[in-house]
$ cat structure-v1.txt   # compact mmCIF, C-alpha atoms
# COMPACT_ATOMS: atom_id res chain seq x y z
CA MET A 23 66.97 36.06 -8.46
CA THR A 24 68.13 33.52 -11.02
CA SER A 25 66.16 30.43 -11.79
CA THR A 26 67.57 27.09 -12.86
CA PRO A 27 66.94 26.31 -16.54
CA SER A 28 64.45 23.51 -17.07
CA TRP A 29 66.94 21.36 -19.02
CA LEU A 30 69.34 21.42 -16.08
CA THR A 31 66.80 20.29 -13.47
CA ARG A 32 66.16 17.17 -15.50
CA TRP A 33 69.76 16.00 -14.95
CA ARG A 34 70.13 16.88 -11.28
CA MET A 35 69.87 14.13 -8.72
CA PRO A 36 67.07 14.56 -6.20
CA PRO A 37 68.14 14.82 -2.58
CA PRO A 38 68.34 11.45 -0.78
CA GLU A 39 65.13 10.43 0.93
CA GLU A 40 65.03 9.77 4.63
CA VAL A 41 62.81 7.29 6.41
CA MET A 42 62.79 7.44 10.20
CA GLY A 43 66.14 9.24 10.15
CA HIS A 44 67.86 6.77 7.80
CA ARG A 45 68.89 7.64 4.26
CA ILE A 46 67.61 5.28 1.58
CA ALA A 47 70.36 3.97 -0.69
CA GLU A 48 70.42 5.28 -4.23
CA PRO A 49 69.24 2.89 -6.95
CA ARG A 50 72.12 1.21 -8.78
CA LEU A 51 72.81 -1.55 -11.25
CA THR A 52 73.52 -4.86 -9.57
CA GLY A 53 75.93 -7.52 -10.75
CA ALA A 54 73.03 -9.51 -12.20
CA ALA A 55 71.89 -6.47 -14.18
CA TRP A 56 75.38 -6.05 -15.65
CA LEU A 57 75.51 -9.76 -16.50
CA TRP A 58 72.16 -9.74 -18.29
CA GLY A 59 73.09 -6.50 -20.04
CA MET A 60 76.18 -8.20 -21.43
CA VAL A 61 74.15 -11.26 -22.43
CA TYR A 62 71.52 -9.23 -24.27
CA ALA A 63 73.84 -6.61 -25.79
CA GLY A 64 77.32 -8.16 -25.80
CA LEU A 65 76.67 -11.62 -27.20
CA PRO A 66 74.72 -10.48 -30.27
CA LEU A 67 77.39 -7.90 -31.08
CA LEU A 68 80.11 -10.51 -30.63
CA GLY A 69 78.23 -12.92 -32.90
CA LEU A 70 77.72 -10.23 -35.54
CA GLY A 71 81.41 -9.38 -35.48
CA MET A 72 82.36 -13.03 -35.87
CA LEU A 73 79.93 -13.39 -38.77
CA ILE A 74 81.41 -10.36 -40.55
CA ASP A 75 84.94 -11.71 -39.98
CA GLY A 76 83.89 -15.07 -41.41
CA VAL A 77 82.35 -13.48 -44.50
CA VAL A 78 85.45 -11.34 -45.11
CA GLN A 79 87.63 -14.44 -44.76
CA ALA A 80 85.45 -16.42 -47.16
CA VAL A 81 85.45 -13.64 -49.76
CA THR A 82 89.07 -12.48 -49.60
CA GLY A 83 90.78 -15.64 -48.35
CA GLN A 84 92.61 -13.59 -45.72
CA CYS A 85 91.95 -14.31 -42.04
CA THR A 86 90.91 -11.17 -40.17
CA GLY A 87 89.28 -12.61 -37.06
CA VAL A 88 90.52 -12.92 -33.51
CA TRP A 89 91.02 -16.67 -34.02
CA CYS A 90 93.85 -15.86 -36.48
CA TRP A 91 96.02 -14.61 -33.60
CA PHE A 92 96.37 -18.08 -32.09
$ encode --input "structure-v1.txt" --output "structure tokens"
Amino acid sequence: MTSTPSWLTRWRMPPPEEVMGHRIAEPRLTGAAWLWGMVYAGLPLLGLGMLIDGVVQAVTGQCTGVWCWF
């Protein structure tokens, strides 16, 4: 008899639960969760990148940002 290693059981999905014969839907990220994730993670990273581009442009005099493409 082989047993499942403990590290592997941590990553396995539990079987779906049933209530009165109906399977409960698995938890998932909603559209609002993705939106707020982008607001909290994406906007600060975008702002930091723009700040770095601005500093490089001010120091070197060469435009390196996305706005230079237009």
$ atom_distance --input "structure-v1.txt" --atom1 "atom CA of A:Gln84" --atom2 "atom CA of A:Met72"
14.2 Å
$ atom_distance --input "structure-v1.txt" --atom1 "atom CA of A:Met35" --atom2 "atom CA of A:Trp56"
22.0 Å
$ closest_residue --input "structure-v1.txt" --among "A:Gly43, A:Gly53, A:Pro37, A:Gly87" --to "A:Leu70" --atoms "all atoms listed in the file"
A:Gly87
$ atom_distance --input "structure-v1.txt" --atom1 "atom CA of A:Glu48" --atom2 "atom CA of A:Thr31"
18.0 Å
$ build_atoms --input "structure-v1.txt" --residues "stretch 34-68 of chain A" --atoms "N, CA and C atoms" --output "mmCIF file, in the coordinates of the input"
data_model
loop_
_atom_site.group_PDB
_atom_site.id
_atom_site.type_symbol
_atom_site.label_atom_id
_atom_site.label_comp_id
_atom_site.auth_asym_id
_atom_site.auth_seq_id
_atom_site.Cartn_x
_atom_site.Cartn_y
_atom_site.Cartn_z
ATOM 1 N N ARG A 34 69.693 16.830 -12.676
ATOM 2 C CA ARG A 34 70.130 16.880 -11.280
ATOM 3 C C ARG A 34 69.540 15.722 -10.501
ATOM 4 N N MET A 35 70.341 15.203 -9.582
ATOM 5 C CA MET A 35 69.870 14.130 -8.720
ATOM 6 C C MET A 35 68.999 14.714 -7.608
ATOM 7 N N PRO A 36 67.885 14.075 -7.312
ATOM 8 C CA PRO A 36 67.070 14.560 -6.200
ATOM 9 C C PRO A 36 67.795 14.305 -4.879
ATOM 10 N N PRO A 37 67.493 15.069 -3.870
ATOM 11 C CA PRO A 37 68.140 14.820 -2.580
ATOM 12 C C PRO A 37 67.761 13.431 -2.053
ATOM 13 N N PRO A 38 68.662 12.790 -1.286
ATOM 14 C CA PRO A 38 68.340 11.450 -0.780
ATOM 15 C C PRO A 38 67.149 11.503 0.167
ATOM 16 N N GLU A 39 66.310 10.490 0.069
ATOM 17 C CA GLU A 39 65.130 10.430 0.930
ATOM 18 C C GLU A 39 65.513 9.854 2.282
ATOM 19 N N GLU A 40 64.804 10.292 3.283
ATOM 20 C CA GLU A 40 65.030 9.770 4.630
ATOM 21 C C GLU A 40 63.755 9.137 5.148
ATOM 22 N N VAL A 41 63.926 7.987 5.777
ATOM 23 C CA VAL A 41 62.810 7.290 6.410
ATOM 24 C C VAL A 41 63.230 7.021 7.842
ATOM 25 N N MET A 42 62.516 7.585 8.772
ATOM 26 C CA MET A 42 62.790 7.440 10.200
ATOM 27 C C MET A 42 64.256 7.757 10.520
ATOM 28 N N GLY A 43 64.793 8.799 9.878
ATOM 29 C CA GLY A 43 66.140 9.240 10.150
ATOM 30 C C GLY A 43 67.230 8.517 9.374
ATOM 31 N N HIS A 44 66.879 7.512 8.581
ATOM 32 C CA HIS A 44 67.860 6.770 7.800
ATOM 33 C C HIS A 44 67.751 7.155 6.329
ATOM 34 N N ARG A 45 68.889 7.325 5.690
ATOM 35 C CA ARG A 45 68.890 7.640 4.260
ATOM 36 C C ARG A 45 68.712 6.356 3.452
ATOM 37 N N ILE A 46 67.858 6.417 2.459
ATOM 38 C CA ILE A 46 67.610 5.280 1.580
ATOM 39 C C ILE A 46 68.731 5.260 0.533
ATOM 40 N N ALA A 47 69.279 4.102 0.291
ATOM 41 C CA ALA A 47 70.360 3.970 -0.690
ATOM 42 C C ALA A 47 69.868 4.324 -2.084
ATOM 43 N N GLU A 48 70.755 4.914 -2.863
ATOM 44 C CA GLU A 48 70.420 5.280 -4.230
ATOM 45 C C GLU A 48 70.257 4.026 -5.084
ATOM 46 N N PRO A 49 69.362 4.038 -6.060
ATOM 47 C CA PRO A 49 69.240 2.890 -6.950
ATOM 48 C C PRO A 49 70.515 2.724 -7.782
ATOM 49 N N ARG A 50 70.912 1.490 -8.022
ATOM 50 C CA ARG A 50 72.120 1.210 -8.780
ATOM 51 C C ARG A 50 71.949 -0.096 -9.531
ATOM 52 N N LEU A 51 72.820 -0.295 -10.511
ATOM 53 C CA LEU A 51 72.810 -1.550 -11.250
ATOM 54 C C LEU A 51 73.526 -2.615 -10.428
ATOM 55 N N THR A 52 72.926 -3.757 -10.307
ATOM 56 C CA THR A 52 73.520 -4.860 -9.570
ATOM 57 C C THR A 52 74.400 -5.683 -10.512
ATOM 58 N N GLY A 53 75.103 -6.638 -9.934
ATOM 59 C CA GLY A 53 75.930 -7.520 -10.750
ATOM 60 C C GLY A 53 75.092 -8.326 -11.735
ATOM 61 N N ALA A 54 73.908 -8.752 -11.306
ATOM 62 C CA ALA A 54 73.030 -9.510 -12.200
ATOM 63 C C ALA A 54 72.552 -8.644 -13.368
ATOM 64 N N ALA A 55 72.312 -7.373 -13.110
ATOM 65 C CA ALA A 55 71.890 -6.470 -14.180
ATOM 66 C C ALA A 55 73.008 -6.288 -15.202
ATOM 67 N N TRP A 56 74.254 -6.154 -14.724
ATOM 68 C CA TRP A 56 75.380 -6.050 -15.650
ATOM 69 C C TRP A 56 75.537 -7.340 -16.459
ATOM 70 N N LEU A 57 75.377 -8.479 -15.802
ATOM 71 C CA LEU A 57 75.510 -9.760 -16.500
ATOM 72 C C LEU A 57 74.465 -9.887 -17.607
ATOM 73 N N TRP A 58 73.204 -9.631 -17.290
ATOM 74 C CA TRP A 58 72.160 -9.740 -18.290
ATOM 75 C C TRP A 58 72.298 -8.686 -19.382
ATOM 76 N N GLY A 59 72.820 -7.520 -19.028
ATOM 77 C CA GLY A 59 73.090 -6.500 -20.040
ATOM 78 C C GLY A 59 74.126 -6.971 -21.039
ATOM 79 N N MET A 60 75.159 -7.651 -20.534
ATOM 80 C CA MET A 60 76.180 -8.200 -21.430
ATOM 81 C C MET A 60 75.629 -9.346 -22.266
ATOM 82 N N VAL A 61 74.741 -10.150 -21.679
ATOM 83 C CA VAL A 61 74.150 -11.260 -22.430
ATOM 84 C C VAL A 61 73.277 -10.732 -23.563
ATOM 85 N N TYR A 62 72.441 -9.740 -23.261
ATOM 86 C CA TYR A 62 71.520 -9.230 -24.270
ATOM 87 C C TYR A 62 72.171 -8.296 -25.276
ATOM 88 N N ALA A 63 73.198 -7.555 -24.874
ATOM 89 C CA ALA A 63 73.840 -6.610 -25.790
ATOM 90 C C ALA A 63 75.180 -7.153 -26.312
ATOM 91 N N GLY A 64 75.971 -7.745 -25.431
ATOM 92 C CA GLY A 64 77.320 -8.160 -25.800
ATOM 93 C C GLY A 64 77.374 -9.369 -26.706
ATOM 94 N N LEU A 65 76.615 -10.395 -26.392
ATOM 95 C CA LEU A 65 76.670 -11.620 -27.200
ATOM 96 C C LEU A 65 76.192 -11.417 -28.637
ATOM 97 N N PRO A 66 75.089 -10.714 -28.869
ATOM 98 C CA PRO A 66 74.720 -10.480 -30.270
ATOM 99 C C PRO A 66 75.750 -9.665 -31.047
ATOM 100 N N LEU A 67 76.361 -8.678 -30.398
ATOM 101 C CA LEU A 67 77.390 -7.900 -31.080
ATOM 102 C C LEU A 67 78.631 -8.748 -31.361
ATOM 103 N N LEU A 68 78.982 -9.601 -30.418
ATOM 104 C CA LEU A 68 80.110 -10.510 -30.630
ATOM 105 C C LEU A 68 79.816 -11.464 -31.778
#
